[in-house]
>>> print(open('query_17.cif').read())   # mmCIF, C-alpha atoms
data_final
#
loop_
_atom_site.label_atom_id
_atom_site.label_comp_id
_atom_site.auth_asym_id
_atom_site.auth_seq_id
_atom_site.Cartn_x
_atom_site.Cartn_y
_atom_site.Cartn_z
CA MET Y 197 -36.77 -9.83 -74.05
CA PRO Y 198 -34.13 -9.99 -71.31
CA SER Y 199 -33.14 -6.62 -69.88
CA ASP Y 200 -30.02 -4.47 -69.87
CA VAL Y 201 -28.40 -4.94 -73.24
CA THR Y 202 -25.63 -2.46 -73.88
CA GLU Y 203 -25.08 -1.56 -77.51
CA THR Y 204 -21.44 -1.23 -78.49
CA SER Y 205 -22.04 -1.28 -82.23
CA GLU Y 206 -24.45 0.28 -84.66
CA GLY Y 207 -24.54 -2.49 -87.26
CA VAL Y 208 -26.09 -5.91 -87.43
CA ASP Y 209 -22.81 -7.30 -88.78
CA GLU Y 210 -21.09 -6.33 -85.52
CA ALA Y 211 -23.87 -7.62 -83.28
CA GLU Y 212 -21.41 -10.14 -81.82
CA ASN Y 213 -20.16 -7.21 -79.74
CA VAL Y 214 -23.55 -6.66 -78.10
CA ARG Y 215 -23.42 -7.70 -74.47
CA TYR Y 216 -25.70 -7.82 -71.49
CA GLU Y 217 -24.77 -5.83 -68.44
CA GLU Y 218 -26.01 -3.34 -65.90
CA THR Y 219 -25.27 0.16 -67.14
CA GLU Y 220 -26.14 2.16 -64.06
CA GLU Y 221 -24.03 2.71 -60.99
CA ASP Y 222 -25.66 4.08 -57.89
CA ASN Y 223 -23.42 4.52 -54.88
CA ASN Y 224 -26.43 5.01 -52.63
CA VAL Y 225 -28.02 1.62 -53.18
CA SER Y 226 -28.28 -0.83 -50.32
CA PRO Y 227 -28.27 -4.64 -50.59
CA THR Y 228 -31.71 -4.57 -48.95
CA ASP Y 229 -33.17 -2.24 -51.60
CA LEU Y 230 -35.67 -4.14 -53.72
CA SER Y 231 -34.13 -2.98 -57.01
CA GLU Y 232 -30.74 -4.28 -55.86
CA MET Y 233 -32.29 -7.54 -54.67
CA LEU Y 234 -33.94 -7.93 -58.07
CA LYS Y 235 -30.70 -7.20 -59.90
CA GLU Y 236 -28.66 -9.66 -57.85
CA GLY Y 237 -31.40 -12.24 -57.39
CA THR Y 238 -32.14 -12.63 -61.11
CA LYS Y 239 -28.56 -12.68 -62.44
CA GLU Y 240 -28.56 -16.40 -63.11
CA SER Y 241 -31.94 -16.29 -64.85
CA HIS Y 242 -30.73 -13.24 -66.75
CA ASP Y 243 -27.66 -15.11 -68.02
CA ARG Y 244 -29.72 -18.13 -69.02
CA ALA Y 245 -32.21 -15.99 -70.91
CA GLU Y 246 -29.52 -14.15 -72.84
CA ASN Y 247 -28.03 -17.48 -73.91
CA THR Y 248 -31.18 -18.97 -75.38
CA GLN Y 249 -30.73 -19.69 -79.07
CA PHE Y 250 -33.57 -17.36 -80.04
CA VAL Y 251 -31.99 -14.35 -78.31
CA LYS Y 252 -28.48 -15.11 -79.60
CA ASP Y 253 -29.75 -15.43 -83.16
CA PHE Y 254 -31.83 -12.28 -82.80
CA LEU Y 255 -28.86 -10.21 -81.63
CA LYS Y 256 -26.82 -11.47 -84.59
CA GLY Y 257 -29.58 -10.42 -86.98
CA ARG Y 258 -30.45 -14.01 -87.85
CA ILE Y 259 -34.22 -13.99 -87.54
CA LYS Y 260 -36.90 -14.78 -90.09
CA LYS Y 261 -39.65 -12.25 -90.55
CA GLU Y 262 -42.38 -14.80 -89.79
CA LEU Y 263 -40.68 -15.73 -86.52
CA PHE Y 264 -40.35 -12.06 -85.56
CA LYS Y 265 -44.06 -11.65 -86.24
CA LEU Y 266 -44.90 -14.58 -83.97
CA ALA Y 267 -42.66 -13.15 -81.25
CA THR Y 268 -44.55 -9.87 -81.55
CA VAL Y 269 -47.84 -11.76 -81.23
CA ALA Y 270 -46.57 -13.31 -77.99
CA LEU Y 271 -45.68 -9.86 -76.71
CA TYR Y 272 -49.14 -8.57 -77.57
CA TYR Y 273 -50.86 -11.21 -75.46
CA THR Y 274 -48.36 -10.80 -72.63
CA TYR Y 275 -48.70 -7.04 -72.37
CA SER Y 276 -52.47 -7.16 -72.80
CA ALA Y 277 -52.64 -9.34 -69.69
CA LEU Y 278 -50.04 -7.37 -67.73
CA GLU Y 279 -51.57 -3.99 -68.42
CA GLU Y 280 -55.08 -5.23 -67.73
CA GLU Y 281 -53.98 -6.37 -64.27
CA MET Y 282 -51.99 -3.18 -63.72
CA ASP Y 283 -55.07 -1.12 -64.51
CA CYS Y 284 -57.10 -3.17 -62.05
CA ASN Y 285 -54.47 -2.68 -59.33
CA LYS Y 286 -53.45 0.91 -60.02
CA ASP Y 287 -54.63 1.96 -56.55
CA HIS Y 288 -53.10 -0.96 -54.67
CA PRO Y 289 -50.49 0.43 -52.24
CA ALA Y 290 -47.92 -2.20 -53.24
CA PHE Y 291 -48.14 -1.27 -56.91
CA ALA Y 292 -49.63 2.23 -57.30
CA PRO Y 293 -46.22 4.03 -57.20
CA LEU Y 294 -45.17 2.07 -60.30
CA TYR Y 295 -48.25 2.81 -62.40
CA PHE Y 296 -47.18 4.87 -65.42
CA PRO Y 297 -49.57 3.98 -68.27
CA LEU Y 298 -48.76 7.01 -70.42
CA GLU Y 299 -45.04 6.38 -70.29
CA LEU Y 300 -44.85 2.59 -70.28
CA HIS Y 301 -47.91 0.76 -71.58
CA ARG Y 302 -47.20 -1.20 -74.76
CA LYS Y 303 -50.51 -2.72 -75.84
CA GLU Y 304 -51.48 0.16 -78.13
CA ALA Y 305 -48.04 0.19 -79.78
CA LEU Y 306 -48.18 -3.58 -80.27
CA ALA Y 307 -51.62 -3.26 -81.88
CA LYS Y 308 -50.03 -0.96 -84.48
CA ASP Y 309 -47.33 -3.56 -85.14
CA MET Y 310 -49.99 -6.27 -85.49
CA GLU Y 311 -51.85 -4.22 -88.08
CA TYR Y 312 -48.64 -3.61 -90.00
CA PHE Y 313 -47.72 -7.31 -90.10
CA TYR Y 314 -51.17 -8.91 -90.42
CA GLY Y 315 -53.46 -6.23 -91.88
CA GLU Y 316 -56.65 -4.60 -90.63
CA ASN Y 317 -58.21 -7.91 -89.56
CA TRP Y 318 -55.15 -8.93 -87.54
CA LYS Y 319 -57.18 -10.02 -84.51
CA GLU Y 320 -58.70 -12.80 -86.61
CA LYS Y 321 -55.29 -14.00 -87.79
CA ILE Y 322 -53.37 -14.38 -84.55
CA GLN Y 323 -53.63 -16.77 -81.63
CA CYS Y 324 -52.02 -17.23 -78.25
CA SER Y 325 -49.45 -20.04 -78.21
CA GLU Y 326 -49.19 -22.60 -75.43
CA ALA Y 327 -46.10 -21.08 -73.77
CA THR Y 328 -47.53 -17.57 -73.98
CA ARG Y 329 -50.82 -18.79 -72.51
CA SER Y 330 -48.98 -20.12 -69.45
CA TYR Y 331 -47.27 -16.74 -69.02
CA VAL Y 332 -50.57 -14.89 -69.42
CA ASP Y 333 -52.36 -17.16 -66.95
CA ARG Y 334 -49.67 -16.53 -64.34
CA ILE Y 335 -49.96 -12.76 -64.78
CA HIS Y 336 -53.73 -12.90 -64.32
CA HIS Y 337 -53.35 -15.08 -61.22
CA VAL Y 338 -50.87 -12.62 -59.71
CA GLY Y 339 -53.04 -9.62 -60.51
CA GLN Y 340 -56.12 -11.17 -58.94
CA TYR Y 341 -54.64 -12.88 -55.88
CA GLU Y 342 -51.14 -11.48 -55.22
CA PRO Y 343 -51.01 -7.98 -56.75
CA GLU Y 344 -47.79 -7.05 -55.00
CA LEU Y 345 -46.05 -9.57 -57.26
CA LEU Y 346 -46.97 -7.48 -60.30
CA VAL Y 347 -43.87 -5.48 -59.37
CA ALA Y 348 -41.75 -8.42 -60.54
CA HIS Y 349 -43.44 -8.66 -63.94
CA ALA Y 350 -43.42 -4.90 -64.52
CA TYR Y 351 -39.73 -4.69 -63.58
CA THR Y 352 -38.75 -7.62 -65.81
CA ARG Y 353 -40.66 -6.37 -68.82
CA TYR Y 354 -40.43 -2.58 -68.86
CA MET Y 355 -36.86 -2.21 -67.62
CA GLY Y 356 -35.82 -4.66 -70.32
CA ASP Y 357 -37.75 -2.78 -72.97
CA LEU Y 358 -36.02 0.47 -72.06
CA SER Y 359 -32.60 -1.22 -72.08
CA GLY Y 360 -31.99 -4.20 -74.34
CA GLY Y 361 -35.17 -3.57 -76.27
CA GLN Y 362 -33.62 -0.51 -77.86
CA VAL Y 363 -30.81 -2.65 -79.29
CA LEU Y 364 -33.27 -5.26 -80.56
CA LYS Y 365 -35.24 -2.51 -82.29
CA LYS Y 366 -32.23 -1.53 -84.39
CA VAL Y 367 -31.27 -5.12 -85.12
CA ALA Y 368 -34.80 -6.02 -86.25
CA GLN Y 369 -35.15 -2.92 -88.38
CA ARG Y 370 -31.97 -3.67 -90.28
CA ALA Y 371 -32.14 -7.45 -90.45
CA LEU Y 372 -35.77 -7.49 -91.63
CA LYS Y 373 -35.45 -4.35 -93.77
CA LEU Y 374 -38.37 -2.69 -91.97
CA PRO Y 375 -39.32 0.89 -92.90
CA SER Y 376 -37.17 3.64 -91.43
CA THR Y 377 -40.40 5.34 -90.35
CA GLY Y 378 -40.85 2.75 -87.59
CA GLU Y 379 -43.59 0.44 -88.84
CA GLY Y 380 -43.35 -3.00 -87.27
CA ILE Y 381 -41.23 -1.88 -84.30
CA GLN Y 382 -43.57 0.53 -82.52
CA PHE Y 383 -43.36 -1.74 -79.48
CA TYR Y 384 -39.84 -0.44 -78.85
CA VAL Y 385 -40.77 3.25 -79.20
CA PHE Y 386 -41.50 5.15 -75.97
CA ASP Y 387 -42.74 8.52 -77.16
CA ASN Y 388 -43.43 9.82 -73.67
CA ILE Y 389 -40.02 9.03 -72.19
CA SER Y 390 -37.43 11.59 -73.25
CA ASN Y 391 -34.51 10.01 -71.37
CA ALA Y 392 -34.67 6.26 -70.82
CA GLN Y 393 -31.67 6.19 -68.46
CA GLN Y 394 -33.17 8.78 -66.15
CA PHE Y 395 -36.57 7.13 -66.20
CA LYS Y 396 -35.07 3.75 -65.25
CA GLN Y 397 -33.29 5.36 -62.31
CA PHE Y 398 -36.52 7.05 -61.26
CA TYR Y 399 -38.48 3.80 -61.61
CA ARG Y 400 -35.96 1.88 -59.51
CA ALA Y 401 -36.14 4.57 -56.84
CA ARG Y 402 -39.91 4.08 -56.81
CA ILE Y 403 -39.41 0.33 -56.42
CA ASN Y 404 -37.10 0.91 -53.47
CA ALA Y 405 -39.62 3.21 -51.83
CA LEU Y 406 -42.36 0.57 -51.75
CA ASP Y 407 -43.43 -0.26 -48.20
CA LEU Y 408 -42.60 -3.96 -48.19
CA ASP Y 409 -41.08 -6.26 -45.60
CA LYS Y 410 -38.19 -8.62 -46.28
CA LYS Y 411 -40.43 -11.61 -46.96
CA ALA Y 412 -42.50 -9.69 -49.52
CA LYS Y 413 -39.32 -8.52 -51.27
CA GLU Y 414 -38.03 -12.09 -51.44
CA ARG Y 415 -41.31 -13.24 -52.97
CA ILE Y 416 -41.05 -10.52 -55.60
CA VAL Y 417 -37.53 -11.63 -56.50
CA GLU Y 418 -38.77 -15.22 -56.76
CA GLU Y 419 -41.59 -14.06 -59.03
CA ALA Y 420 -39.14 -12.14 -61.21
CA ASN Y 421 -37.21 -15.38 -61.74
CA LYS Y 422 -40.47 -17.04 -62.73
CA ALA Y 423 -41.04 -14.24 -65.24
CA PHE Y 424 -37.65 -14.99 -66.79
CA GLU Y 425 -38.59 -18.68 -66.94
CA PHE Y 426 -41.83 -17.88 -68.75
CA ASN Y 427 -39.92 -15.75 -71.24
CA MET Y 428 -37.42 -18.55 -71.83
CA GLN Y 429 -40.26 -20.98 -72.46
CA VAL Y 430 -41.61 -18.60 -75.11
CA PHE Y 431 -38.13 -18.35 -76.67
CA ASP Y 432 -37.77 -22.14 -76.74
CA GLU Y 433 -41.20 -22.44 -78.34
CA LEU Y 434 -40.21 -19.94 -81.02
CA ASP Y 435 -37.03 -21.95 -81.67
CA LYS Y 436 -39.12 -25.07 -82.29
CA ILE Y 437 -41.40 -23.18 -84.65
CA GLY Y 438 -38.39 -21.70 -86.45
CA ALA Y 439 -37.06 -25.19 -87.07
CA LEU Y 440 -40.30 -26.07 -88.88
CA LEU Y 441 -40.44 -22.95 -91.00
CA THR Y 442 -39.47 -22.94 -94.64
CA GLU Y 443 -37.28 -20.06 -95.80
CA GLU Y 444 -40.28 -17.77 -95.58
CA ALA Y 445 -43.68 -18.90 -94.36
CA GLN Y 446 -46.77 -17.79 -96.19
CA ASP Y 447 -47.29 -14.17 -95.28
CA GLY Y 448 -50.03 -13.55 -92.77
CA GLY Y 449 -50.74 -17.21 -92.12
CA LEU Y 450 -49.50 -20.03 -89.97
CA PRO Y 451 -45.98 -21.36 -90.48
CA VAL Y 452 -45.66 -23.73 -93.42
CA HIS Y 453 -44.79 -27.25 -92.32
CA ASP Y 454 -42.64 -29.11 -94.84
CA GLY Y 455 -43.55 -32.61 -93.69
CA LYS Y 456 -40.34 -33.11 -91.73
CA GLY Y 457 -40.38 -33.90 -88.01
CA ASP Y 458 -43.29 -34.44 -85.67
CA LEU Y 459 -46.17 -32.08 -86.38
CA ARG Y 460 -47.29 -32.32 -82.75
CA LYS Y 461 -44.09 -30.63 -81.67
CA CYS Y 462 -45.11 -27.41 -83.39
CA PRO Y 463 -47.08 -25.42 -80.76
CA TYR Y 464 -49.01 -23.38 -83.30
CA TYR Y 465 -50.14 -26.36 -85.35
CA ALA Y 466 -50.93 -28.28 -82.18
CA THR Y 467 -53.22 -25.44 -81.10
CA LYS Y 468 -54.97 -25.39 -84.45
CA LEU Y 469 -55.44 -29.16 -84.44
CA GLY Y 470 -56.80 -28.98 -80.91
CA LYS Y 471 -59.52 -26.70 -82.23
CA GLY Y 472 -60.43 -29.17 -84.94
CA ASP Y 473 -58.81 -27.23 -87.77
CA SER Y 474 -57.31 -28.94 -90.79
CA GLY Y 475 -53.68 -28.64 -89.65
CA CYS Y 476 -50.64 -29.11 -91.84
CA PRO Y 477 -51.44 -29.25 -95.59
CA TYR Y 478 -48.64 -31.75 -96.19
CA HIS Y 479 -49.99 -34.26 -93.68
CA VAL Y 480 -53.58 -33.73 -94.79
CA ALA Y 481 -52.59 -34.51 -98.39
CA MET Y 482 -50.61 -37.59 -97.39
CA ALA Y 483 -53.48 -38.88 -95.26
CA MET Y 484 -55.89 -38.49 -98.18
CA LEU Y 485 -53.59 -40.39 -100.52
CA LYS Y 486 -53.66 -43.37 -98.16
CA GLN Y 487 -57.41 -43.75 -98.57
CA PRO Y 488 -58.28 -46.72 -100.90
CA THR Y 489 -61.00 -44.75 -102.70
CA ILE Y 490 -58.65 -41.85 -103.41
CA GLN Y 491 -55.96 -44.26 -104.60
CA PHE Y 492 -58.43 -45.97 -106.98
CA VAL Y 493 -59.63 -42.66 -108.43
CA LEU Y 494 -56.07 -41.41 -108.79
CA ALA Y 495 -55.00 -44.65 -110.53
CA ALA Y 496 -57.97 -44.41 -112.90
CA CYS Y 497 -57.10 -40.81 -113.76
CA ILE Y 498 -53.48 -41.76 -114.46
CA ALA Y 499 -54.58 -44.70 -116.67
CA LEU Y 500 -56.97 -42.44 -118.59
CA ALA Y 501 -54.27 -39.79 -119.08
CA ALA Y 502 -51.86 -42.45 -120.30
CA GLY Y 503 -54.43 -43.77 -122.78
CA VAL Y 504 -55.10 -40.30 -124.18
CA ALA Y 505 -51.38 -39.62 -124.49
CA ALA Y 506 -50.83 -42.94 -126.32
CA TRP Y 507 -53.68 -42.23 -128.74
CA TYR Y 508 -52.29 -38.76 -129.43
CA VAL Y 509 -48.82 -40.13 -130.19
CA MET Y 510 -50.27 -42.72 -132.61
#
>>> encode(input="query_17.cif", output="structure tokens")
Amino acid sequence: MPSDVTETSEGVDEAENVRYEETEEDNNVSPTDLSEMLKEGTKESHDRAENTQFVKDFLKGRIKKELFKLATVALYYTYSALEEEMDCNKDHPAFAPLYFPLELHRKEALAKDMEYFYGENWKEKIQCSEATRSYVDRIHHVGQYEPELLVAHAYTRYMGDLSGGQVLKKVAQRALKLPSTGEGIQFYVFDNISNAQQFKQFYRARINALDLDKKAKERIVEEANKAFEFNMQVFDELDKIGALLTEEAQDGGLPVHDGKGDLRKCPYYATKLGKGDSGCPYHVAMAMLKQPTIQFVLAACIALAAGVAAWYVM
């Protein structure tokens, strides 16, 4: 989710008052510090991300449980890729100072959320969507060929999780009536960070201390904007899926398509169809009914039922 959400209200009903802004003031920052360049250089992307329909609806508590589950699936694949590449580059001089697996890594927490939402065999029930796959592929490319750009992805993700993510946790817990014990929102829980504000300041200081020239810093800012773009593509994809969902999709399965709209526009069904799976039950049934043989058999069954009914009435 986009970073730096300031919570001004405790309740979902007052979520209109939630706003995005920087909450930290540091009189010692310089315009050439990488953290300041990232803050200033991603403002436009930040504003665009916060105004996507998915994020606005989320903040207002208007999110279906099935859509929240799919968003969590997207996060699982994203962080699996990011943390895999971070592990591989933990000794790289351009990234090593930002490697804090105990404090920051989210894959294990997301696995707990997956088990809560999908059951013990959750790995067999989820799949990576098209937009998430593009995001994941970019992260792997960066990790393998331009590891210094991992700074951009780590900054965009983890600083957001420690800021706006804490608001989203409360909104989701109330809107979806999730257990007060934290099941389903472990992603937002950082057990090994006692003070998020202080850790963010520390992390930004580490970013500023990286030995990078101006050109490298500019490339990192550019990559951070790409990260926002990938996130917005995921949000837009979720919006499209949400438009195809019934009031509540079948729990643990793919979204239920009601026969309205173009099936190919649903990324999750498109993926399934690409693998040769059966696809939308509605369209499968309609296709079968158009077969002459099926129509003949169905007509015969109706005629037989009518004959039996007439005999019974006589």
>>> resolve_selection(input="query_17.cif", expression="the PyMOL selection byres ((chain Y and resi 277) around 12)", output="PyMOL selection string")
chain Y and resi 270-276+278-284+301-303+324+328-340+346+349-350
>>> axis_aligned_box(input="query_17.cif", around="range 261-270 of chain Y", padding_each_side="8 Å", output="JSON")
{"center_x": -43.7, "center_y": -12.8, "center_z": -84.3, "size_x": 24.2, "size_y": 21.9, "size_z": 28.6}
>>> residues_around(input="query_17.cif", residues="range 410-420 of chain Y", least_positions_apart="6", cutoff="8 Å", atoms="all atoms listed in the file", output="NGL selection string")
:Y and (230 or 233-234 or 237-238 or 344-345 or 347-349 or 351-352)
>>> write_last_selection(input="query_17.cif", atoms="C-alpha atoms", output="compact mmCIF listing (two decimals), in the frame of the given file")
# COMPACT_ATOMS: atom_id res chain seq x y z
CA LEU Y 230 -35.67 -4.14 -53.72
CA MET Y 233 -32.29 -7.54 -54.67
CA LEU Y 234 -33.94 -7.93 -58.07
CA GLY Y 237 -31.40 -12.24 -57.39
CA THR Y 238 -32.14 -12.63 -61.11
CA GLU Y 344 -47.79 -7.05 -55.00
CA LEU Y 345 -46.05 -9.57 -57.26
CA VAL Y 347 -43.87 -5.48 -59.37
CA ALA Y 348 -41.75 -8.42 -60.54
CA HIS Y 349 -43.44 -8.66 -63.94
CA TYR Y 351 -39.73 -4.69 -63.58
CA THR Y 352 -38.75 -7.62 -65.81
>>> resolve_selection(input="query_17.cif", expression="the PyMOL selection byres ((chain Y and resi 248) around 12)", output="PyMOL selection string")
chain Y and resi 197-198+241-247+249-255+424-425+427-435
>>> atom_distance(input="query_17.cif", atom1="CA of Ser376 in chain Y", atom2="CA of Ser359 in chain Y")
20.5 Å
>>> atom_distance(input="query_17.cif", atom1="CA of Leu298 in chain Y", atom2="CA of Asn388 in chain Y")
6.8 Å
>>> atom_distance(input="query_17.cif", atom1="CA of Glu326 in chain Y", atom2="CA of Phe383 in chain Y")
22.0 Å
>>> closest_residue(input="query_17.cif", among="Y:Phe296, Y:Tyr384, Y:Tyr312, Y:Phe426", to="Gly360 in chain Y", atoms="all atoms listed in the file")
Y:Tyr384
>>> closest_residue(input="query_17.cif", among="Y:Lys396, Y:Lys308, Y:Lys265, Y:Arg353", to="Asn421 in chain Y", atoms="all atoms listed in the file")
Y:Arg353
>>> residues_around(input="query_17.cif", residues="Leu358 in chain Y", least_positions_apart="4", cutoff="7 Å", atoms="all atoms listed in the file", output="VMD selection string")
chain Y and resid 354 362 392
>>> closest_residue(input="query_17.cif", among="Y:Asp309, Y:Pro343, Y:Ser231, Y:Glu299", to="Lys286 in chain Y", atoms="only C-alpha atoms")
Y:Pro343
